[in-house]
Structure formats: structure tokens, C-alpha cells
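File shown here: input-v3.pdb, holding PDB, C-alpha atoms.
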ATOM      1  CA  TYR A   1       4.886 -91.632 -48.351
ATOM      2  CA  ILE A   2       3.979 -94.279 -45.804
ATOM      3  CA  GLY A   3       4.205 -94.223 -42.032
ATOM      4  CA  ALA A   4       3.161 -95.394 -38.593
ATOM      5  CA  ASP A   5       1.439 -93.731 -35.659
ATOM      6  CA  ALA A   6       1.455 -94.487 -31.916
ATOM      7  CA  GLY A   7       0.330 -92.567 -28.864
ATOM      8  CA  ALA A   8      -2.030 -92.060 -25.937
ATOM      9  CA  SER A   9      -5.813 -91.839 -26.299
ATOM     10  CA  PHE A  10      -8.456 -90.296 -24.044
ATOM     11  CA  GLY A  11     -12.228 -90.077 -24.446
ATOM     12  CA  ARG A  12     -15.402 -88.509 -23.159
ATOM     13  CA  GLY A  13     -18.990 -89.689 -23.377
ATOM     14  CA  THR A  14     -21.446 -90.535 -20.589
ATOM     15  CA  PHE A  15     -18.238 -91.697 -18.899
ATOM     16  CA  ALA A  16     -14.775 -90.153 -19.355
ATOM     17  CA  SER A  17     -11.103 -91.080 -19.205
ATOM     18  CA  PHE A  18     -10.721 -88.544 -16.387
ATOM     19  CA  GLY A  19     -13.194 -90.256 -14.056
ATOM     20  CA  ALA A  20     -14.038 -89.593 -10.426
ATOM     21  CA  ASP A  21     -11.993 -92.553  -9.193
ATOM     22  CA  LYS A  22      -8.920 -92.188 -11.431
ATOM     23  CA  THR A  23      -7.555 -91.272 -14.833
ATOM     24  CA  ARG A  24      -7.572 -94.105 -17.352
ATOM     25  CA  ALA A  25      -5.037 -93.469 -20.103
ATOM     26  CA  GLY A  26      -5.748 -95.375 -23.291
ATOM     27  CA  TYR A  27      -3.537 -96.108 -26.257
ATOM     28  CA  GLY A  28      -3.692 -96.169 -30.030
ATOM     29  CA  PHE A  29      -1.632 -97.074 -33.081
ATOM     30  CA  GLY A  30      -2.088 -96.986 -36.820
ATOM     31  CA  LEU A  31      -0.712 -97.147 -40.338
ATOM     32  CA  LEU A  32      -0.913 -94.270 -42.796
ATOM     33  CA  GLY A  33      -0.144 -93.271 -46.350
ATOM     34  CA  GLY A  34      -0.033 -89.865 -47.956
ATOM     35  CA  TYR A  35       0.725 -87.789 -51.016
ATOM     36  CA  HIS A  36       2.542 -84.430 -51.169
ATOM     37  CA  ILE A  37       0.404 -82.107 -53.278
ATOM     38  CA  ASN A  38       3.111 -79.452 -53.099
ATOM     39  CA  ARG A  39       5.781 -78.300 -50.659
ATOM     40  CA  PHE A  40       3.346 -77.367 -47.877
ATOM     41  CA  LEU A  41       0.195 -79.406 -48.598
ATOM     42  CA  SER A  42      -0.297 -83.147 -48.283
ATOM     43  CA  ALA A  43      -3.308 -85.471 -48.255
ATOM     44  CA  GLU A  44      -3.165 -88.399 -45.835
ATOM     45  CA  ALA A  45      -5.259 -91.489 -45.051
ATOM     46  CA  GLU A  46      -4.865 -93.485 -41.837
ATOM     47  CA  LEU A  47      -6.257 -96.707 -40.405
ATOM     48  CA  ARG A  48      -6.054 -96.563 -36.600
ATOM     49  CA  TYR A  49      -7.057 -98.654 -33.566
ATOM     50  CA  SER A  50      -7.649 -97.099 -30.131
ATOM     51  CA  HIS A  51      -8.480 -98.621 -26.744
ATOM     52  CA  LEU A  52     -10.088 -96.425 -24.068
ATOM     53  CA  GLY A  53     -11.033 -96.845 -20.417
ATOM     54  CA  LEU A  54     -13.860 -94.537 -19.254
ATOM     55  CA  GLY A  55     -15.189 -94.009 -15.715
ATOM     56  CA  ALA A  56     -17.992 -91.995 -14.113
ATOM     57  CA  TYR A  57     -17.797 -88.220 -13.693
ATOM     58  CA  ASP A  58     -17.741 -86.962 -10.112
ATOM     59  CA  CYS A  59     -21.191 -85.420 -10.624
ATOM     60  CA  CYS A  60     -22.695 -88.759 -11.682
ATOM     61  CA  LYS A  61     -20.924 -91.342  -9.549
ATOM     62  CA  ASP A  62     -24.021 -91.895  -7.337
ATOM     63  CA  LEU A  63     -26.402 -92.587 -10.221
ATOM     64  CA  TRP A  64     -27.428 -96.187 -10.890
ATOM     65  CA  LEU A  65     -27.460 -98.415 -13.969
ATOM     66  CA  GLY A  66     -30.342-100.893 -13.927
ATOM     67  CA  ALA A  67     -30.286-104.360 -15.435
ATOM     68  CA  ASP A  68     -32.579-102.981 -18.171
ATOM     69  CA  GLY A  69     -29.760-100.667 -19.343
ATOM     70  CA  ASN A  70     -31.386 -97.433 -18.142
ATOM     71  CA  ARG A  71     -30.175 -94.767 -15.711
ATOM     72  CA  TYR A  72     -31.841 -94.279 -12.295
ATOM     73  CA  TYR A  73     -31.360 -91.965  -9.310
ATOM     74  CA  ALA A  74     -31.774 -94.892  -6.893
ATOM     75  CA  PRO A  75     -31.493 -98.694  -7.191
ATOM     76  CA  LEU A  76     -34.354-100.274  -9.129
ATOM     77  CA  ALA A  77     -36.284-102.725  -6.930
ATOM     78  CA  GLY A  78     -36.206-106.393  -7.811
ATOM     79  CA  VAL A  79     -33.310-106.336 -10.293
ATOM     80  CA  LYS A  80     -29.541-106.120 -10.274
ATOM     81  CA  ASN A  81     -28.243-102.542 -10.117
ATOM     82  CA  TYR A  82     -24.814-100.971 -10.463
ATOM     83  CA  ARG A  83     -23.686 -97.661  -9.008
ATOM     84  CA  TYR A  84     -21.956 -95.534 -11.657
ATOM     85  CA  GLY A  85     -18.960 -95.066  -9.350
ATOM     86  CA  ASP A  86     -18.474 -98.850  -9.202
ATOM     87  CA  ILE A  87     -18.363 -99.528 -12.961
ATOM     88  CA  PHE A  88     -16.326 -98.418 -15.968
ATOM     89  CA  SER A  89     -16.427 -98.888 -19.736
ATOM     90  CA  THR A  90     -13.735-100.255 -22.040
ATOM     91  CA  VAL A  91     -14.069 -98.996 -25.607
ATOM     92  CA  ASN A  92     -12.452-100.220 -28.827
ATOM     93  CA  LEU A  93     -12.394 -97.764 -31.738
ATOM     94  CA  TYR A  94     -11.524 -98.593 -35.348
ATOM     95  CA  GLU A  95     -10.952 -95.420 -37.354
ATOM     96  CA  LEU A  96     -10.437 -94.612 -41.015
ATOM     97  CA  SER A  97      -9.496 -90.947 -41.383
ATOM     98  CA  LEU A  98      -8.680 -88.544 -44.197
ATOM     99  CA  HIS A  99      -6.451 -85.550 -43.370
ATOM    100  CA  LEU A 100      -5.345 -82.448 -45.204
ATOM    101  CA  ASN A 101      -1.975 -81.378 -43.755
ATOM    102  CA  ILE A 102      -1.131 -77.690 -44.074
ATOM    103  CA  ASP A 103       2.498 -76.885 -43.206
ATOM    104  CA  PHE A 104       2.790 -73.205 -42.268
ATOM    105  CA  VAL A 105       6.589 -73.271 -41.857
ATOM    106  CA  ARG A 106       7.348 -74.672 -45.302
ATOM    107  CA  MET A 107       4.725 -72.408 -46.805
ATOM    108  CA  PHE A 108       7.149 -69.528 -46.170
ATOM    109  CA  ARG A 109      10.494 -71.305 -45.600
ATOM    110  CA  PRO A 110      10.627 -74.329 -47.951
ATOM    111  CA  GLU A 111      14.258 -75.079 -47.047
ATOM    112  CA  SER A 112      13.488 -75.563 -43.320
ATOM    113  CA  ARG A 113      13.751 -78.994 -41.693
ATOM    114  CA  TRP A 114      11.005 -77.979 -39.251
ATOM    115  CA  SER A 115       7.281 -78.079 -39.888
ATOM    116  CA  PHE A 116       4.153 -76.846 -38.132
ATOM    117  CA  PHE A 117       1.004 -78.627 -39.269
ATOM    118  CA  VAL A 118      -2.680 -77.846 -39.031
ATOM    119  CA  SER A 119      -4.596 -80.944 -40.173
ATOM    120  CA  PRO A 120      -8.410 -80.855 -40.497
ATOM    121  CA  ALA A 121      -9.851 -84.357 -40.875
ATOM    122  CA  VAL A 122     -12.981 -86.464 -41.342
ATOM    123  CA  TYR A 123     -13.439 -89.923 -39.845
ATOM    124  CA  GLY A 124     -15.410 -93.131 -40.269
ATOM    125  CA  ILE A 125     -15.393 -94.889 -36.887
ATOM    126  CA  GLY A 126     -16.516 -98.280 -35.650
ATOM    127  CA  SER A 127     -16.946 -98.678 -31.872
ATOM    128  CA  GLN A 128     -17.597-101.520 -29.445
ATOM    129  CA  ALA A 129     -17.873-101.079 -25.668
ATOM    130  CA  THR A 130     -18.114-103.328 -22.611
ATOM    131  CA  VAL A 131     -19.195-102.089 -19.166
ATOM    132  CA  LYS A 132     -17.449-103.822 -16.265
ATOM    133  CA  THR A 133     -17.262-103.586 -12.478
ATOM    134  CA  THR A 134     -14.215-101.780 -11.129
ATOM    135  CA  ALA A 135     -13.714-104.329  -8.346
ATOM    136  CA  GLY A 136     -13.871-107.716 -10.026
ATOM    137  CA  LYS A 137     -13.933-106.439 -13.630
ATOM    138  CA  SER A 138     -16.846-108.747 -14.385
ATOM    139  CA  THR A 139     -19.002-107.845 -17.384
ATOM    140  CA  VAL A 140     -22.121-105.791 -16.609
ATOM    141  CA  LEU A 141     -23.235-104.812 -20.109
ATOM    142  CA  LYS A 142     -21.878-105.486 -23.578
ATOM    143  CA  GLY A 143     -22.666-102.939 -26.256
ATOM    144  CA  GLY A 144     -23.161-103.779 -29.903
ATOM    145  CA  ASN A 145     -20.998-102.692 -32.812
ATOM    146  CA  GLN A 146     -21.738 -99.142 -33.924
ATOM    147  CA  MET A 147     -20.702 -96.943 -36.824
ATOM    148  CA  HIS A 148     -20.074 -93.208 -36.470
ATOM    149  CA  PHE A 149     -19.073 -90.212 -38.536
ATOM    150  CA  GLY A 150     -16.487 -87.885 -37.009
ATOM    151  CA  VAL A 151     -14.887 -84.509 -37.663
ATOM    152  CA  GLY A 152     -11.846 -82.928 -36.058
ATOM    153  CA  GLY A 153      -8.179 -82.367 -36.645
ATOM    154  CA  ASP A 154      -4.628 -82.246 -35.327
ATOM    155  CA  LEU A 155      -1.897 -79.762 -34.581
ATOM    156  CA  GLY A 156       1.610 -81.092 -35.168
ATOM    157  CA  VAL A 157       5.286 -80.213 -35.137
ATOM    158  CA  GLY A 158       7.588 -82.143 -37.493
ATOM    159  CA  TYR A 159      11.305 -82.469 -38.129
ATOM    160  CA  GLN A 160      12.978 -83.840 -41.278
ATOM    161  CA  ILE A 161      15.492 -86.325 -39.856
ATOM    162  CA  SER A 162      16.837 -87.250 -43.300
ATOM    163  CA  GLN A 163      15.844 -86.723 -46.924
ATOM    164  CA  ARG A 164      13.180 -89.424 -46.627
ATOM    165  CA  VAL A 165      12.395 -89.794 -42.902
ATOM    166  CA  ASN A 166      10.193 -87.334 -40.996
ATOM    167  CA  LEU A 167       9.188 -87.374 -37.325
ATOM    168  CA  ARG A 168       5.975 -85.596 -36.334
ATOM    169  CA  LEU A 169       4.547 -84.963 -32.846
ATOM    170  CA  TYR A 170       0.813 -84.260 -32.843
ATOM    171  CA  SER A 171      -2.224 -83.701 -30.665
ATOM    172  CA  GLY A 172      -5.825 -83.625 -31.860
ATOM    173  CA  MET A 173      -9.516 -83.862 -31.040
ATOM    174  CA  THR A 174     -12.282 -85.805 -32.765
ATOM    175  CA  TYR A 175     -15.995 -85.108 -32.314
ATOM    176  CA  ILE A 176     -17.917 -88.385 -32.788
ATOM    177  CA  MET A 177     -21.525 -88.181 -33.933
ATOM    178  CA  GLY A 178     -24.357 -90.607 -33.247
ATOM    179  CA  LYS A 179     -24.889 -92.811 -30.201
ATOM    180  CA  GLY A 180     -22.536 -92.895 -27.229
ATOM    181  CA  ILE A 181     -19.320 -94.842 -27.602
ATOM    182  CA  ASP A 182     -19.319 -96.248 -24.040
ATOM    183  CA  ALA A 183     -22.619 -98.286 -24.089
ATOM    184  CA  MET A 184     -24.012 -96.175 -21.237
ATOM    185  CA  PRO A 185     -27.383 -94.328 -21.290
ATOM    186  CA  GLN A 186     -26.935 -90.883 -22.874
ATOM    187  CA  THR A 187     -28.547 -88.606 -20.297
ATOM    188  CA  GLU A 188     -26.457 -86.030 -18.392
ATOM    189  CA  HIS A 189     -23.516 -86.207 -20.833
ATOM    190  CA  LYS A 190     -24.427 -86.685 -24.481
ATOM    191  CA  SER A 191     -21.318 -85.608 -26.423
ATOM    192  CA  ASN A 192     -18.614 -87.980 -27.634
ATOM    193  CA  TYR A 193     -15.034 -86.763 -27.976
ATOM    194  CA  THR A 194     -11.654 -88.390 -28.255
ATOM    195  CA  TRP A 195      -8.270 -86.771 -27.752
ATOM    196  CA  ASN A 196      -5.192 -88.428 -29.249
ATOM    197  CA  THR A 197      -1.612 -87.336 -28.788
ATOM    198  CA  GLY A 198       1.517 -89.100 -29.987
ATOM    199  CA  PHE A 199       4.017 -89.270 -32.811
ATOM    200  CA  LYS A 200       4.080 -90.276 -36.471
ATOM    201  CA  VAL A 201       7.095 -91.462 -38.443
ATOM    202  CA  THR A 202       6.859 -91.225 -42.228
ATOM    203  CA  TYR A 203       9.084 -92.432 -45.063
ATOM    204  CA  LEU A 204       9.090 -90.784 -48.482
ATOM    205  CA  LEU A 205       8.914 -93.539 -51.077
ATOM    206  CA  GLU A 206      10.205 -91.692 -54.135
ATOM    207  CA  GLY A 207      10.429 -88.356 -55.870
ATOM    208  CA  LEU A 208      12.034 -86.059 -53.319
ATOM    209  CA  LEU A 209      10.237 -82.724 -53.367
ATOM    210  CA  LYS A 210      12.100 -79.908 -55.035
ATOM    211  CA  LYS A 211      12.604 -76.640 -53.251
TER     212      LYS A 211
END
C-alpha cells encoding of this file:
Amino acid sequence: YIGADAGASFGRGTFASFGADKTRAGYGFGLLGGYHINRFLSAEAELRYSHLGLGAYDCCKDLWLGADGNRYYAPLAGVKNYRYGDIFSTVNLYELSLHLNIDFVRMFRPESRWSFFVSPAVYGIGSQATVKTTAGKSTVLKGGNQMHFGVGGDLGVGYQISQRVNLRLYSGMTYIMGKGIDAMPQTEHKSNYTWNTGFKVTYLLEGLLKK
């Protein structure tokens, strides 16, 4: 089968989508392909793009980013400084993921149109971030391209609209290893997470599964 994915994306690193000043909802979309191993198991690969906006936590909004790219408790003398509460990071993520979908409804009721999925997954992720001012949105710091390994998974509810078309609503978390995704110094907050929620539409190419 083949399909498409679209939804909302949120993230957490040194900065977070749920920042002190406001919530910045991101977005994502992707293309996927999969293979039904049996009635309740399928393997799936997806190529996905996500765009995130991350702002300072309330606990860190009065820290300072120096022109040297380091974090300070007060402005660094003689150079340009930026208060955490006055900047935010835009992050682009390029993900290749491999999922194993386990359908617990069709495991016991193969004739049902409904599905409930648990989908553990592994990810290869490329990230690129730019730090900007919240007022004029001028560029403060531009991060380089980075590669990450990720692990996580989704929970999903699906419905078989027709013999070949399936609609799936999902929500999932991804833990991203390596350096921070937002180009900020990793000090108080060192973990990288993303949370994606949305829907997938799939189309069975051939060979309808037998009950």
C-alpha cells in the first residue's frame, strides 16, 4: 500500500513549542509505503518533513545568548547579547522512519472495519535550525545541518472506508539522540523530543487481504 500523512508537530529541546511567550504549533507532511505481513501486522516506511517553532521555557526566559553562541546568566560585556525570552528557533526536520504496525482489533476480529494500532519505530533524522528575534524576526544564529538517530512510536485508530482506502488518526512521540535540534546551547534542557499528531490515508495497491 501507499499513502500520505499530514498533521501538527511540536518539539522540545533547549527551547520548546510551548514557550513562555506563546505556543508555536508546527506542521508536517509525508509520503509512505507499506506491506501487510498478515491481517494484523504491517511494515511501513515513511519520508516526512516537519517545521517547528520553539521558544524559551518560563524558567529560562531571563538567560542570555552571547554572540559566541554560549549561554550566560547576564549580558556579556562588549558583544551583542540576546535574552532568551526575546528569541525563538525555527527548526526543519527531514525524517526517514521504519514502523511496525500492530493492529490489536484485527488480531481478534479480522472482519472489523476498525483498527487500533501500536507502532514502534526507528528514525533517521536530518535537522537544521535558525535562531531569530521575536520582534523583528532577524537572524541571530544559524545552525548547521545535523544527523540524528531516533526511537519512538505512534498510537493510532483506523477505519476501512472501502476495500482499498483506509483512514488512520495517530499521535506519537520521537526521542531524538545527539545534539540539540534548535541550535541553542544544551545546558538546562538537554533532551530532544518531537510530538506529531495527524492523519494518514492509505491505498491498497493489490491483493486484498483474505479474512
What's around range 43-58 of chain A at 9 Å? Count all atoms listed in the file, leave out sequence neighbours fewer than 4 positions away in its own chain, and write the answer as an MDAnalysis selection string. chainID A and resid 4:5 8:37 62 84:101 182
For the file shown, what are the residues hit by the PyMOL selection byres ((chain A and resi 115) around 12), laid out as an MDAnalysis selection string? chainID A and resid 39:41 101:114 116:118 155:161 166:170
Suppose you want the space between CA of Trp195 in chain A and CA of Ala183 in chain A; what is it in Å? 18.8 Å
Residue with the minimum atom-to-atom distance to Thr130 in chain A, picked from A:Leu63, A:Met184, A:Val201, A:Met173 with all atoms listed in the file counted, is A:Met184
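For the pair CA of Lys200 in chain A and CA of Ile176 in chain A, the interatomic distance is 22.4 Å.
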Residue contacts of Lys179 in chain A (12 Å, all atoms listed in the file) excluding same-chain residues fewer than 4 positions away, as a PDB file with C-alpha atoms, keeping the file's coordinate frame:
ATOM      1  CA  GLY A  13     -18.990 -89.689 -23.377  1.00  0.00           C
ATOM      2  CA  THR A  14     -21.446 -90.535 -20.589  1.00  0.00           C
ATOM      3  CA  ILE A 125     -15.393 -94.889 -36.887  1.00  0.00           C
ATOM      4  CA  GLY A 126     -16.516 -98.280 -35.650  1.00  0.00           C
ATOM      5  CA  SER A 127     -16.946 -98.678 -31.872  1.00  0.00           C
ATOM      6  CA  GLN A 128     -17.597-101.520 -29.445  1.00  0.00           C
ATOM      7  CA  ALA A 129     -17.873-101.079 -25.668  1.00  0.00           C
ATOM      8  CA  GLY A 143     -22.666-102.939 -26.256  1.00  0.00           C
ATOM      9  CA  GLY A 144     -23.161-103.779 -29.903  1.00  0.00           C
ATOM     10  CA  ASN A 145     -20.998-102.692 -32.812  1.00  0.00           C
ATOM     11  CA  GLN A 146     -21.738 -99.142 -33.924  1.00  0.00           C
ATOM     12  CA  MET A 147     -20.702 -96.943 -36.824  1.00  0.00           C
ATOM     13  CA  HIS A 148     -20.074 -93.208 -36.470  1.00  0.00           C
ATOM     14  CA  PHE A 149     -19.073 -90.212 -38.536  1.00  0.00           C
ATOM     15  CA  GLY A 150     -16.487 -87.885 -37.009  1.00  0.00           C
ATOM     16  CA  TYR A 175     -15.995 -85.108 -32.314  1.00  0.00           C
ATOM     17  CA  ALA A 183     -22.619 -98.286 -24.089  1.00  0.00           C
ATOM     18  CA  MET A 184     -24.012 -96.175 -21.237  1.00  0.00           C
ATOM     19  CA  PRO A 185     -27.383 -94.328 -21.290  1.00  0.00           C
ATOM     20  CA  GLN A 186     -26.935 -90.883 -22.874  1.00  0.00           C
ATOM     21  CA  THR A 187     -28.547 -88.606 -20.297  1.00  0.00           C
ATOM     22  CA  HIS A 189     -23.516 -86.207 -20.833  1.00  0.00           C
ATOM     23  CA  LYS A 190     -24.427 -86.685 -24.481  1.00  0.00           C
ATOM     24  CA  SER A 191     -21.318 -85.608 -26.423  1.00  0.00           C
ATOM     25  CA  ASN A 192     -18.614 -87.980 -27.634  1.00  0.00           C
ATOM     26  CA  TYR A 193     -15.034 -86.763 -27.976  1.00  0.00           C
TER      27      TYR A 193
END
Around range 163-176 of chain A, with edges along x, y and z and 4 Å added on all six sides, what centre and edge lengths do you get, in Å to one decimal, as AutoDock Vina command-line options?
--center_x -1.0 --center_y -86.7 --center_z -38.8 --size_x 41.8 --size_y 14.2 --size_z 24.3
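In this model, the gap between CA of Lys80 in chain A and CA of Val140 in chain A comes to 9.8 Å.
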With the PyMOL selection byres ((chain A and resi 68) around 10) as the selection, what would be picked from this file? Answer as a ChimeraX atom specification, please. /A:65-67,69-71,76,79-81,141
Hits from the PyMOL selection byres ((chain A and resi 121) around 6), listed as a count of residues only: 7
Across A:Gly124, A:Tyr82, A:Lys61, A:Pro75, the smallest distance to Gly178 in chain A, with only C-alpha atoms counted, is shown by A:Gly124
Hey, which of A:Lys132, A:Arg164, A:Arg83, A:Lys137 ends up closest to Tyr203 in chain A? Count only C-alpha atoms. A:Arg164
